[in-house]
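As provided, start_1.txt (compact mmCIF, C-alpha atoms) reads as follows.
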```
# COMPACT_ATOMS: atom_id res chain seq x y z
CA ARG A 670 81.17 190.53 157.94
CA GLU A 671 80.17 186.98 157.26
CA SER A 672 81.88 184.46 155.08
CA ALA A 673 80.03 181.45 153.74
CA CYS A 674 83.45 179.88 153.42
CA VAL A 675 84.99 178.28 156.49
CA ALA A 676 86.73 180.11 159.23
CA ARG A 677 89.69 180.56 161.49
CA THR A 678 90.05 180.82 165.21
CA SER A 679 92.23 183.93 165.42
CA GLN A 680 91.27 185.90 162.34
CA GLY A 681 93.79 184.39 159.94
CA LYS A 682 92.85 183.50 156.38
CA SER A 683 91.37 180.06 155.94
CA ARG A 684 93.67 177.51 154.34
CA ASN A 685 90.86 175.14 153.57
CA ARG A 686 90.93 174.15 149.92
CA LEU A 687 87.78 172.07 149.94
CA LEU A 688 84.99 174.60 149.59
CA SER A 689 86.55 177.87 148.49
CA THR A 690 85.87 177.45 144.78
CA ASP A 691 82.40 175.97 145.23
CA MET A 692 81.36 178.68 147.64
CA ARG A 693 82.15 181.40 145.11
CA SER A 694 80.35 179.71 142.26
CA ALA A 695 76.87 180.97 141.46
CA GLN A 696 76.67 178.32 138.79
CA THR A 697 77.15 175.59 141.38
CA ASP A 698 74.41 177.19 143.50
CA ARG A 699 71.95 177.01 140.64
CA ALA A 700 72.86 173.42 139.84
CA ALA A 701 72.43 172.37 143.48
CA ALA A 702 69.04 174.05 143.69
CA ALA A 703 67.86 172.32 140.53
CA ARG A 704 69.01 168.85 141.62
CA LYS A 705 66.43 167.15 143.81
CA ARG A 706 67.98 165.29 146.69
CA THR A 707 66.85 162.96 149.43
CA VAL A 708 68.55 163.88 152.70
CA ALA A 709 68.38 162.05 156.04
CA ILE A 710 69.07 164.12 159.15
CA THR A 711 69.80 162.56 162.52
CA GLY A 712 68.98 164.80 165.46
CA ALA A 713 66.34 166.34 163.22
CA SER A 714 64.26 167.75 166.08
CA GLY A 715 67.14 169.77 167.52
CA ASN A 716 68.32 173.31 166.88
CA LEU A 717 70.52 172.61 163.86
CA GLY A 718 68.21 169.95 162.48
CA GLN A 719 65.26 172.32 162.43
CA LYS A 720 67.28 174.98 160.62
CA LEU A 721 68.26 172.45 157.94
CA ILE A 722 64.75 171.05 157.52
CA SER A 723 63.32 174.50 156.83
CA HIS A 724 66.11 175.28 154.37
CA PHE A 725 65.92 172.01 152.46
CA ALA A 726 62.13 172.17 152.30
CA SER A 727 62.47 175.52 150.55
CA ARG A 728 64.64 173.72 147.98
CA GLY A 729 61.92 171.15 147.38
CA TRP A 730 64.14 168.33 148.65
CA GLN A 731 62.82 165.27 150.45
CA VAL A 732 63.98 165.20 154.06
CA ILE A 733 63.88 162.18 156.36
CA GLY A 734 64.21 162.95 160.05
CA LEU A 735 65.57 160.59 162.71
CA ASP A 736 65.48 161.57 166.36
CA LYS A 737 64.30 160.49 169.80
CA ARG A 738 61.19 162.57 169.09
CA ALA A 739 59.53 162.11 165.71
CA PRO A 740 60.10 165.29 163.66
CA LYS A 741 56.95 167.10 162.58
CA GLY A 742 55.96 167.83 159.01
CA ILE A 743 58.44 165.46 157.31
CA LYS A 744 58.96 161.76 156.80
CA GLY A 745 60.78 160.18 159.71
CA ALA A 746 60.53 158.24 162.92
CA ALA A 747 61.18 158.37 166.64
CA VAL A 748 64.17 156.07 167.05
CA ASP A 749 66.99 155.15 169.42
CA LEU A 750 70.13 155.34 167.30
CA ARG A 751 72.18 153.70 170.03
CA ALA A 752 70.76 150.38 168.84
CA ARG A 753 70.83 149.04 165.30
CA SER A 754 67.29 148.51 164.04
CA ASN A 755 65.75 148.03 160.63
CA LYS A 756 63.10 150.53 161.73
CA TRP A 757 65.52 153.36 161.06
CA ILE A 758 68.18 151.71 158.90
CA ASN A 759 65.66 150.95 156.14
CA LEU A 760 64.69 154.63 156.05
CA LEU A 761 68.11 155.23 154.46
CA ASP A 762 67.13 153.35 151.29
CA GLY A 763 67.61 155.71 148.35
CA VAL A 764 69.12 158.47 150.49
CA ASP A 765 71.80 160.57 148.80
CA THR A 766 73.23 162.30 151.90
CA VAL A 767 73.09 161.68 155.64
CA ILE A 768 73.71 164.70 157.87
CA HIS A 769 74.59 163.29 161.27
CA LEU A 770 73.80 165.75 164.05
CA ALA A 771 72.52 163.40 166.75
CA ALA A 772 74.30 162.87 170.07
CA GLN A 773 73.29 161.46 173.43
CA ASN A 774 73.96 164.88 174.90
CA PRO A 775 74.64 167.53 172.23
CA PHE A 776 76.09 170.07 174.66
CA PRO A 777 79.67 170.64 175.91
CA HIS A 778 78.78 169.64 179.49
CA ALA A 779 78.20 166.03 178.34
CA THR A 780 79.56 163.36 180.69
CA TRP A 781 81.85 160.47 179.78
CA LYS A 782 78.80 158.19 179.85
CA ASP A 783 77.14 160.51 177.36
CA SER A 784 80.30 160.49 175.29
CA VAL A 785 80.31 156.70 174.98
CA SER A 786 76.67 156.67 173.89
CA SER A 787 77.29 159.48 171.39
CA PHE A 788 80.11 157.50 169.80
CA ASP A 789 77.91 154.39 169.63
CA ILE A 790 75.28 156.46 167.81
CA THR A 791 77.87 157.77 165.36
CA ALA A 792 79.25 154.29 164.66
CA ASN A 793 75.76 152.91 164.01
CA VAL A 794 74.85 155.75 161.67
CA PHE A 795 78.10 155.51 159.70
CA MET A 796 77.84 151.75 159.28
CA ALA A 797 74.18 151.93 158.27
CA ALA A 798 74.97 154.62 155.68
CA MET A 799 77.67 152.44 154.17
CA GLU A 800 75.40 149.40 154.09
CA LYS A 801 72.73 151.41 152.26
CA LYS A 802 75.34 152.83 149.86
CA VAL A 803 74.66 156.44 150.83
CA ARG A 804 76.81 158.67 148.63
CA ARG A 805 77.94 161.08 151.37
CA VAL A 806 77.84 161.45 155.12
CA ILE A 807 78.27 164.88 156.70
CA PHE A 808 79.28 164.57 160.34
CA ALA A 809 78.64 167.40 162.78
CA SER A 810 81.92 167.48 164.65
CA SER A 811 82.82 170.46 166.82
CA ASN A 812 85.30 173.26 167.39
CA HIS A 813 85.79 171.67 170.82
CA VAL A 814 88.05 169.12 169.11
CA MET A 815 90.63 171.94 169.14
CA GLY A 816 89.37 173.60 172.33
CA GLY A 817 92.35 172.63 174.46
CA LEU A 818 94.49 175.12 172.56
CA LYS A 819 92.78 177.86 174.56
CA GLU A 820 94.63 176.57 177.60
CA ALA A 821 97.98 177.72 176.23
CA GLY A 822 97.42 180.98 178.07
CA ILE A 823 97.84 183.05 174.91
CA THR A 824 96.18 186.35 174.20
CA ILE A 825 93.63 186.71 171.43
CA ASP A 826 96.03 188.83 169.38
CA GLU A 827 98.80 186.22 169.68
CA ALA A 828 96.65 183.14 169.03
CA PRO A 829 98.02 180.99 166.19
CA LEU A 830 95.97 180.01 163.19
CA ILE A 831 94.04 176.79 163.76
CA THR A 832 93.36 174.71 160.67
CA PRO A 833 92.03 171.18 160.11
CA ARG A 834 95.67 170.09 159.85
CA THR A 835 96.53 171.34 163.33
CA ASP A 836 97.02 168.47 165.79
CA PRO A 837 93.78 167.83 167.72
CA CYS A 838 93.58 169.06 171.28
CA PRO A 839 90.09 168.11 172.49
CA GLY A 840 88.28 169.78 175.34
CA THR A 841 87.69 173.42 176.20
CA LYS A 842 88.10 174.21 179.88
CA ALA A 843 86.87 177.32 181.63
CA THR A 844 86.53 178.58 185.18
CA TYR A 845 84.54 181.65 184.20
CA PRO A 846 81.64 182.25 184.63
CA ALA A 847 81.41 178.70 186.02
CA PRO A 848 83.74 175.66 185.91
CA SER A 849 83.31 173.66 182.72
CA ASP A 850 85.20 171.01 180.77
CA SER A 851 84.07 169.79 177.34
CA THR A 852 86.66 167.00 177.07
CA PRO A 853 84.14 164.09 177.09
CA TYR A 854 81.97 165.84 174.49
CA ALA A 855 84.98 166.72 172.31
CA THR A 856 86.47 163.25 172.53
CA ALA A 857 83.32 161.67 171.06
CA LYS A 858 83.52 164.14 168.19
CA LEU A 859 87.23 163.52 167.57
CA PHE A 860 86.81 159.74 167.49
CA GLY A 861 83.82 160.15 165.20
CA GLU A 862 86.17 161.90 162.79
CA ARG A 863 88.74 159.13 163.10
CA LEU A 864 86.11 156.46 162.51
CA ALA A 865 84.97 158.28 159.37
CA LYS A 866 88.56 158.33 158.12
CA ALA A 867 89.07 154.61 158.80
CA LEU A 868 85.82 153.62 157.09
CA SER A 869 86.56 155.80 154.08
CA GLU A 870 89.78 153.87 153.47
CA LEU A 871 88.08 150.48 153.24
CA PRO A 872 88.52 149.10 149.70
CA ARG A 873 84.81 148.64 149.00
CA CYS A 874 83.59 151.81 150.69
CA ARG A 875 81.35 153.84 148.37
CA THR A 876 80.49 156.46 150.97
CA SER A 877 82.51 159.65 151.40
CA PHE A 878 82.69 161.55 154.69
CA ILE A 879 83.02 165.27 155.39
CA CYS A 880 83.43 166.27 159.03
CA LEU A 881 82.39 169.83 159.87
CA ARG A 882 83.92 171.24 163.05
CA ILE A 883 80.89 173.37 163.76
CA GLY A 884 81.17 176.52 165.83
CA TRP A 885 78.54 178.23 167.98
CA CYS A 886 75.17 178.31 166.21
CA GLN A 887 72.48 179.35 168.66
CA PRO A 888 68.75 178.71 168.38
CA GLY A 889 66.60 181.27 166.61
CA ALA A 890 68.14 184.41 165.15
CA ASN A 891 71.61 183.38 166.37
CA LEU A 892 73.19 186.83 166.72
CA PRO A 893 76.78 187.11 168.00
CA LEU A 894 75.74 189.83 170.44
CA THR A 895 73.57 187.34 172.34
CA MET A 896 76.52 185.09 173.16
CA SER A 897 78.06 185.02 176.62
CA ALA A 898 81.57 184.08 177.72
CA THR A 899 80.62 180.42 177.44
CA GLY A 900 79.56 180.83 173.83
CA ALA A 901 75.92 180.22 174.75
CA PRO A 902 72.98 182.63 175.01
CA PRO A 903 73.23 184.69 178.22
CA CYS A 904 71.17 183.53 181.16
CA LYS A 905 68.17 185.55 182.18
CA GLY A 906 69.20 188.18 184.69
CA GLU A 907 72.91 187.74 183.99
CA ASP A 908 74.82 190.72 185.40
CA ASP A 909 77.53 191.82 183.02
CA GLY A 910 78.44 194.79 185.21
CA LYS A 911 80.44 192.63 187.61
CA ASP A 912 82.19 190.96 184.69
CA ARG A 913 83.65 194.24 183.55
CA GLN A 914 85.43 194.67 186.88
CA ILE A 915 87.44 191.45 186.42
CA ARG A 916 90.72 191.59 184.53
CA GLY A 917 93.34 189.07 183.57
CA PHE A 918 96.05 188.77 180.96
CA SER A 919 95.13 185.80 178.75
CA THR A 920 92.45 183.41 177.56
CA LEU A 921 92.97 181.53 180.81
CA ASN A 922 91.93 184.20 183.26
CA ASP A 923 90.61 187.31 181.50
CA PRO A 924 86.82 187.00 181.06
CA HIS A 925 86.87 189.47 178.18
CA GLN A 926 89.41 187.42 176.24
CA VAL A 927 87.55 184.23 177.16
CA ALA A 928 84.37 185.76 175.76
CA GLU A 929 86.12 186.87 172.58
CA TRP A 930 87.70 183.44 172.10
CA PHE A 931 84.29 181.80 172.19
CA GLN A 932 82.67 184.49 170.07
CA LEU A 933 85.24 183.87 167.35
CA MET A 934 83.66 180.42 167.07
CA TRP A 935 80.33 181.95 166.01
CA LEU A 936 78.64 180.38 162.97
CA SER A 937 75.80 182.38 161.45
CA ASN A 938 72.58 180.73 160.33
CA ARG A 939 73.33 181.64 156.72
CA ASP A 940 76.83 180.19 156.83
CA PHE A 941 75.68 177.03 158.60
CA LEU A 942 73.07 176.30 155.94
CA LYS A 943 75.45 177.18 153.13
CA ILE A 944 78.35 175.05 154.34
CA CYS A 945 76.10 172.01 154.84
CA GLU A 946 74.71 172.40 151.35
CA LYS A 947 78.15 172.91 149.83
CA ALA A 948 79.52 169.92 151.73
CA MET A 949 76.92 167.83 149.94
CA GLU A 950 78.21 168.96 146.55
CA ALA A 951 81.93 169.51 147.03
CA LYS A 952 84.58 167.25 145.58
CA ILE A 953 87.08 166.07 148.15
CA PRO A 954 90.67 166.99 147.24
CA ASP A 955 92.92 164.40 145.61
CA GLY A 956 90.02 162.08 144.90
CA GLY A 957 89.71 161.16 148.56
CA LYS A 958 86.67 160.07 150.53
CA PHE A 959 87.37 161.92 153.79
CA CYS A 960 87.92 165.52 154.78
CA VAL A 961 87.74 167.71 157.88
CA VAL A 962 86.57 171.31 157.56
CA ASN A 963 86.44 174.19 160.04
CA ALA A 964 82.92 175.63 160.08
CA MET A 965 82.88 179.04 161.72
CA SER A 966 82.01 182.41 160.21
CA SER A 967 84.98 184.67 159.54
CA ASN A 968 83.79 187.56 161.62
CA ARG A 969 85.00 190.16 164.10
CA TRP A 970 81.88 191.97 165.17
```
Have the structure of the file written as C-alpha cells, please.
Amino acid sequence: RESACVARTSQGKSRNRLLSTDMRSAQTDRAAAARKRTVAITGASGNLGQKLISHFASRGWQVIGLDKRAPKGIKGAAVDLRARSNKWINLLDGVDTVIHLAAQNPFPHATWKDSVSSFDITANVFMAAMEKKVRRVIFASSNHVMGGLKEAGITIDEAPLITPRTDPCPGTKATYPAPSDSTPYATAKLFGERLAKALSELPRCRTSFICLRIGWCQPGANLPLTMSATGAPPCKGEDDGKDRQIRGFSTLNDPHQVAEWFQLMWLSNRDFLKICEKAMEAKIPDGGKFCVVNAMSSNRW
C-alpha cells in the first residue's frame, strides 16, 4: 500500500494535520493543475530534482533549475550556491516556490566539512528567496534528523511513533553491513529547519517554509525490494545469503531489523511528487509560516 499522505516510522497512524485534507481533495488537485506556477529547484540535476522536473513539465509549469551542472531542457544555470551571486539570485525574480534540494554532499556519509557547506548553501537560498519575495520555500530535510532514535536498541514491533513533534535526534549509526554515521549530514538538515523557523518569525517575512523530512527515494523506478540494509540500492554482487545467517535482537545488532527500519523510510516516486506538489498548495496550520512534515510512504511491503 502507498499513501500520498505522510508517514510514520513504526507503522502508526500519521498525526500530521497539514496535508491530510488537501491530499484527499480531488478538487484541490484540479485547481493545482490549472494554476500555472514558476518553480525554482536547487539541486535540479540530481535524483529528486530530475523526478520533479519531469513531473512539473507535464503540468505545463515553468521550472528554473540551479545546480553545479546546468540542468538540460529547462531554464537555469550552473552555479555555486555556497556563494551569493546575482547570477543565480536574479533567477528567482517572479518565482512562486523554491524547492531546495541542493547540498554539498547529498548522501548520509557526508563529512562535517560537507555539512558546513550544505548549511551555507541553505542559508544563502533561504535569504535569497526572502529578498525576492518568494511565496513559499520547500526544504528537503531528511528522516536522518530523527535517525538517532534507532540507537535505543528497540525492536521494530516496539518502536514508538515518530512525529514532527518528537524531539530531534540527528544521525543514524550502523555497523552493518559497514560502519556508517549520518550525524554530520543530519545536523545540516536539522539546522536548516531551525533557520527556516527563525526566518519565518521575522516581522516582515513574506515567505513561508515547509520542511519535508524525506525518506529513501532511490533513482529510477525506486522499488522497496531494491533497498538494502542501508536503505540504498544493493551493491552489485552483494551476497544476501551470508546476511541471513546473522541474528540479533534489536535494531542495533540484527541485520534484518536494521533492514526493516530503513525500509520503513521508503518514499515512493508517486508519493514524493505528490507531497511536494501539495506542500506548494497547503495552508500551514494556525496561520503560521513554518511547518515540519514527515515524508515517507505508509507501507509495509
* Asked: By how many Å are CA of Lys741 (chain A) and CA of His769 (chain A) apart?
  ->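 Those two atoms sit 18.1 Å apart.
Residue nearest Gly763 (chain A) within the list A:Ser810, A:Thr707, A:Thr841, A:Gln932: A:Thr707 [criterion: smallest interatomic distance, all atoms listed in the file].
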* To do: Would you kindly return, as a ChimeraX atom specification, each protein, DNA or RNA residue with an atom no farther than 12 Å from any atom of Val767 (chain A), considering all atoms listed in the file and excluding same-chain residues fewer than 5 positions away?
  => /A:706-713,718,732-735,758,760-762,791,794-799,801-809,876-880,945-946,948-949
* To do: For CA of Phe931 (chain A) and CA of Pro837 (chain A), quote the distance in Å rounded to one decimal.
  =>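 CA of Phe931 (chain A) sits 17.5 Å away from CA of Pro837 (chain A).
In this structure, CA of Asp736 (chain A) sits 23.6 Å away from CA of Arg863 (chain A).
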* Looking at A:Ser787, A:Ser727, A:Ser967, A:Gln926, which one is nearest to Glu827 (chain A), with distances taken over all atoms listed in the file? ->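 Closest to Glu827 (chain A) of all the choices is A:Gln926.
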* Using all atoms listed in the file, which of the listed residues (A:Pro872, A:Pro829, A:Gly884, A:Pro777) sits closest to Lys842 (chain A)? ->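 That would be A:Pro777, the residue with the smallest distance to Lys842 (chain A).
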Please enclose the listed atoms of region 813-832 of chain A in an axis-aligned box, pad each side by 3 Å, and write out the centre and the three edge lengths in Å, rounded to one decimal, as JSON.
```
{"center_x": 92.3, "center_y": 179.0, "center_z": 169.4, "size_x": 19.0, "size_y": 25.7, "size_z": 23.4}
```
* To do: Mind checking which residues fall within 6 Å of Trp730 (chain A), counting only C-alpha atoms, ignoring those fewer than 2 positions away in the same chain, and posting them as a list in words?
  =>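 Answer for this query is Lys705, Arg706, Phe725, Ala726 and Arg728 of chain A.
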* **Radius query 6 Å about (80.4, 187.3, 167.9), atoms used: only C-alpha atoms, as a ChimeraX atom specification** => /A:893-894,932-933,935,970
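For the set A:Asp955, A:Asp783, A:Asp826, A:Glu820, the residue with the smallest atom-to-atom gap to Thr856 (chain A) is A:Asp783, counting all atoms listed in the file.
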Counting only C-alpha atoms, write as a PDB file with C-alpha atoms, in the frame of the given file all protein and nucleic acid residues lying at most 8 Å from (92.3, 163.0, 167.7) in the file's frame.
```
ATOM      1  CA  VAL A 814      88.050 169.120 169.110  1.00  0.00           C
ATOM      2  CA  ASP A 836      97.020 168.470 165.790  1.00  0.00           C
ATOM      3  CA  PRO A 837      93.780 167.830 167.720  1.00  0.00           C
ATOM      4  CA  CYS A 838      93.580 169.060 171.280  1.00  0.00           C
ATOM      5  CA  PRO A 839      90.090 168.110 172.490  1.00  0.00           C
ATOM      6  CA  THR A 856      86.470 163.250 172.530  1.00  0.00           C
ATOM      7  CA  LEU A 859      87.230 163.520 167.570  1.00  0.00           C
ATOM      8  CA  PHE A 860      86.810 159.740 167.490  1.00  0.00           C
ATOM      9  CA  GLU A 862      86.170 161.900 162.790  1.00  0.00           C
ATOM     10  CA  ARG A 863      88.740 159.130 163.100  1.00  0.00           C
TER      11      ARG A 863
END
```
* **Pick from A:Thr852, A:Asn963, A:Trp885, A:Ala847 nearest to Leu830 (chain A), counting all atoms listed in the file** => A:Asn963
Please fill the gaps in region 843-866 of chain A so it has N, CA, C and O atoms, and write that as a compact mmCIF listing (two decimals), in the coordinates of the input.
```txt
# COMPACT_ATOMS: atom_id res chain seq x y z
N ALA A 843 87.10 175.95 181.20
CA ALA A 843 86.87 177.32 181.63
C ALA A 843 86.52 177.34 183.10
O ALA A 843 85.93 176.38 183.63
N THR A 844 86.92 178.39 183.78
CA THR A 844 86.53 178.58 185.18
C THR A 844 85.59 179.77 185.31
O THR A 844 85.07 180.03 186.39
N TYR A 845 85.37 180.46 184.19
CA TYR A 845 84.54 181.65 184.20
C TYR A 845 83.49 181.51 183.10
O TYR A 845 83.82 181.07 182.00
N PRO A 846 82.23 181.81 183.35
CA PRO A 846 81.64 182.25 184.63
C PRO A 846 81.37 181.12 185.61
O PRO A 846 81.02 181.35 186.75
N ALA A 847 81.54 179.87 185.14
CA ALA A 847 81.41 178.70 186.02
C ALA A 847 82.35 177.62 185.50
O ALA A 847 82.67 177.58 184.31
N PRO A 848 82.83 176.72 186.37
CA PRO A 848 83.74 175.66 185.91
C PRO A 848 83.09 174.80 184.84
O PRO A 848 81.93 174.40 184.96
N SER A 849 83.83 174.51 183.79
CA SER A 849 83.31 173.66 182.72
C SER A 849 84.48 172.96 182.03
O SER A 849 85.60 173.46 182.02
N ASP A 850 84.19 171.80 181.46
CA ASP A 850 85.20 171.01 180.77
C ASP A 850 84.49 170.18 179.70
O ASP A 850 83.70 169.29 180.02
N SER A 851 84.77 170.47 178.44
CA SER A 851 84.07 169.79 177.34
C SER A 851 84.85 168.59 176.81
O SER A 851 84.54 168.10 175.73
N THR A 852 85.83 168.09 177.57
CA THR A 852 86.66 167.00 177.07
C THR A 852 85.86 165.74 176.69
O THR A 852 86.08 165.18 175.61
N PRO A 853 84.92 165.28 177.51
CA PRO A 853 84.14 164.09 177.09
C PRO A 853 83.38 164.34 175.78
O PRO A 853 83.39 163.50 174.88
N TYR A 854 82.72 165.48 175.70
CA TYR A 854 81.97 165.84 174.49
C TYR A 854 82.89 165.88 173.27
O TYR A 854 82.60 165.31 172.22
N ALA A 855 84.04 166.55 173.43
CA ALA A 855 84.98 166.72 172.31
C ALA A 855 85.61 165.41 171.89
O ALA A 855 85.89 165.18 170.71
N THR A 856 85.85 164.53 172.84
CA THR A 856 86.47 163.25 172.53
C THR A 856 85.56 162.40 171.63
O THR A 856 86.04 161.75 170.69
N ALA A 857 84.26 162.40 171.92
CA ALA A 857 83.32 161.67 171.06
C ALA A 857 83.34 162.21 169.64
O ALA A 857 83.26 161.46 168.66
N LYS A 858 83.47 163.53 169.52
CA LYS A 858 83.52 164.14 168.19
C LYS A 858 84.82 163.78 167.47
O LYS A 858 84.81 163.43 166.28
N LEU A 859 85.94 163.84 168.18
CA LEU A 859 87.23 163.52 167.57
C LEU A 859 87.25 162.07 167.08
O LEU A 859 87.68 161.78 165.95
N PHE A 860 86.78 161.14 167.91
CA PHE A 860 86.81 159.74 167.49
C PHE A 860 85.76 159.44 166.43
O PHE A 860 85.93 158.50 165.64
N GLY A 861 84.72 160.25 166.35
CA GLY A 861 83.82 160.15 165.20
C GLY A 861 84.54 160.50 163.91
O GLY A 861 84.36 159.83 162.89
N GLU A 862 85.36 161.54 163.96
CA GLU A 862 86.17 161.90 162.79
C GLU A 862 87.11 160.77 162.40
O GLU A 862 87.26 160.43 161.22
N ARG A 863 87.76 160.19 163.40
CA ARG A 863 88.74 159.13 163.10
C ARG A 863 88.05 157.88 162.55
O ARG A 863 88.60 157.19 161.69
N LEU A 864 86.87 157.59 163.05
CA LEU A 864 86.11 156.46 162.51
C LEU A 864 85.75 156.72 161.06
O LEU A 864 85.86 155.83 160.21
N ALA A 865 85.31 157.93 160.76
CA ALA A 865 84.97 158.28 159.37
C ALA A 865 86.17 158.08 158.46
O ALA A 865 86.05 157.55 157.35
N LYS A 866 87.35 158.49 158.92
CA LYS A 866 88.56 158.33 158.12
C LYS A 866 88.86 156.85 157.88
O LYS A 866 89.17 156.43 156.75
```
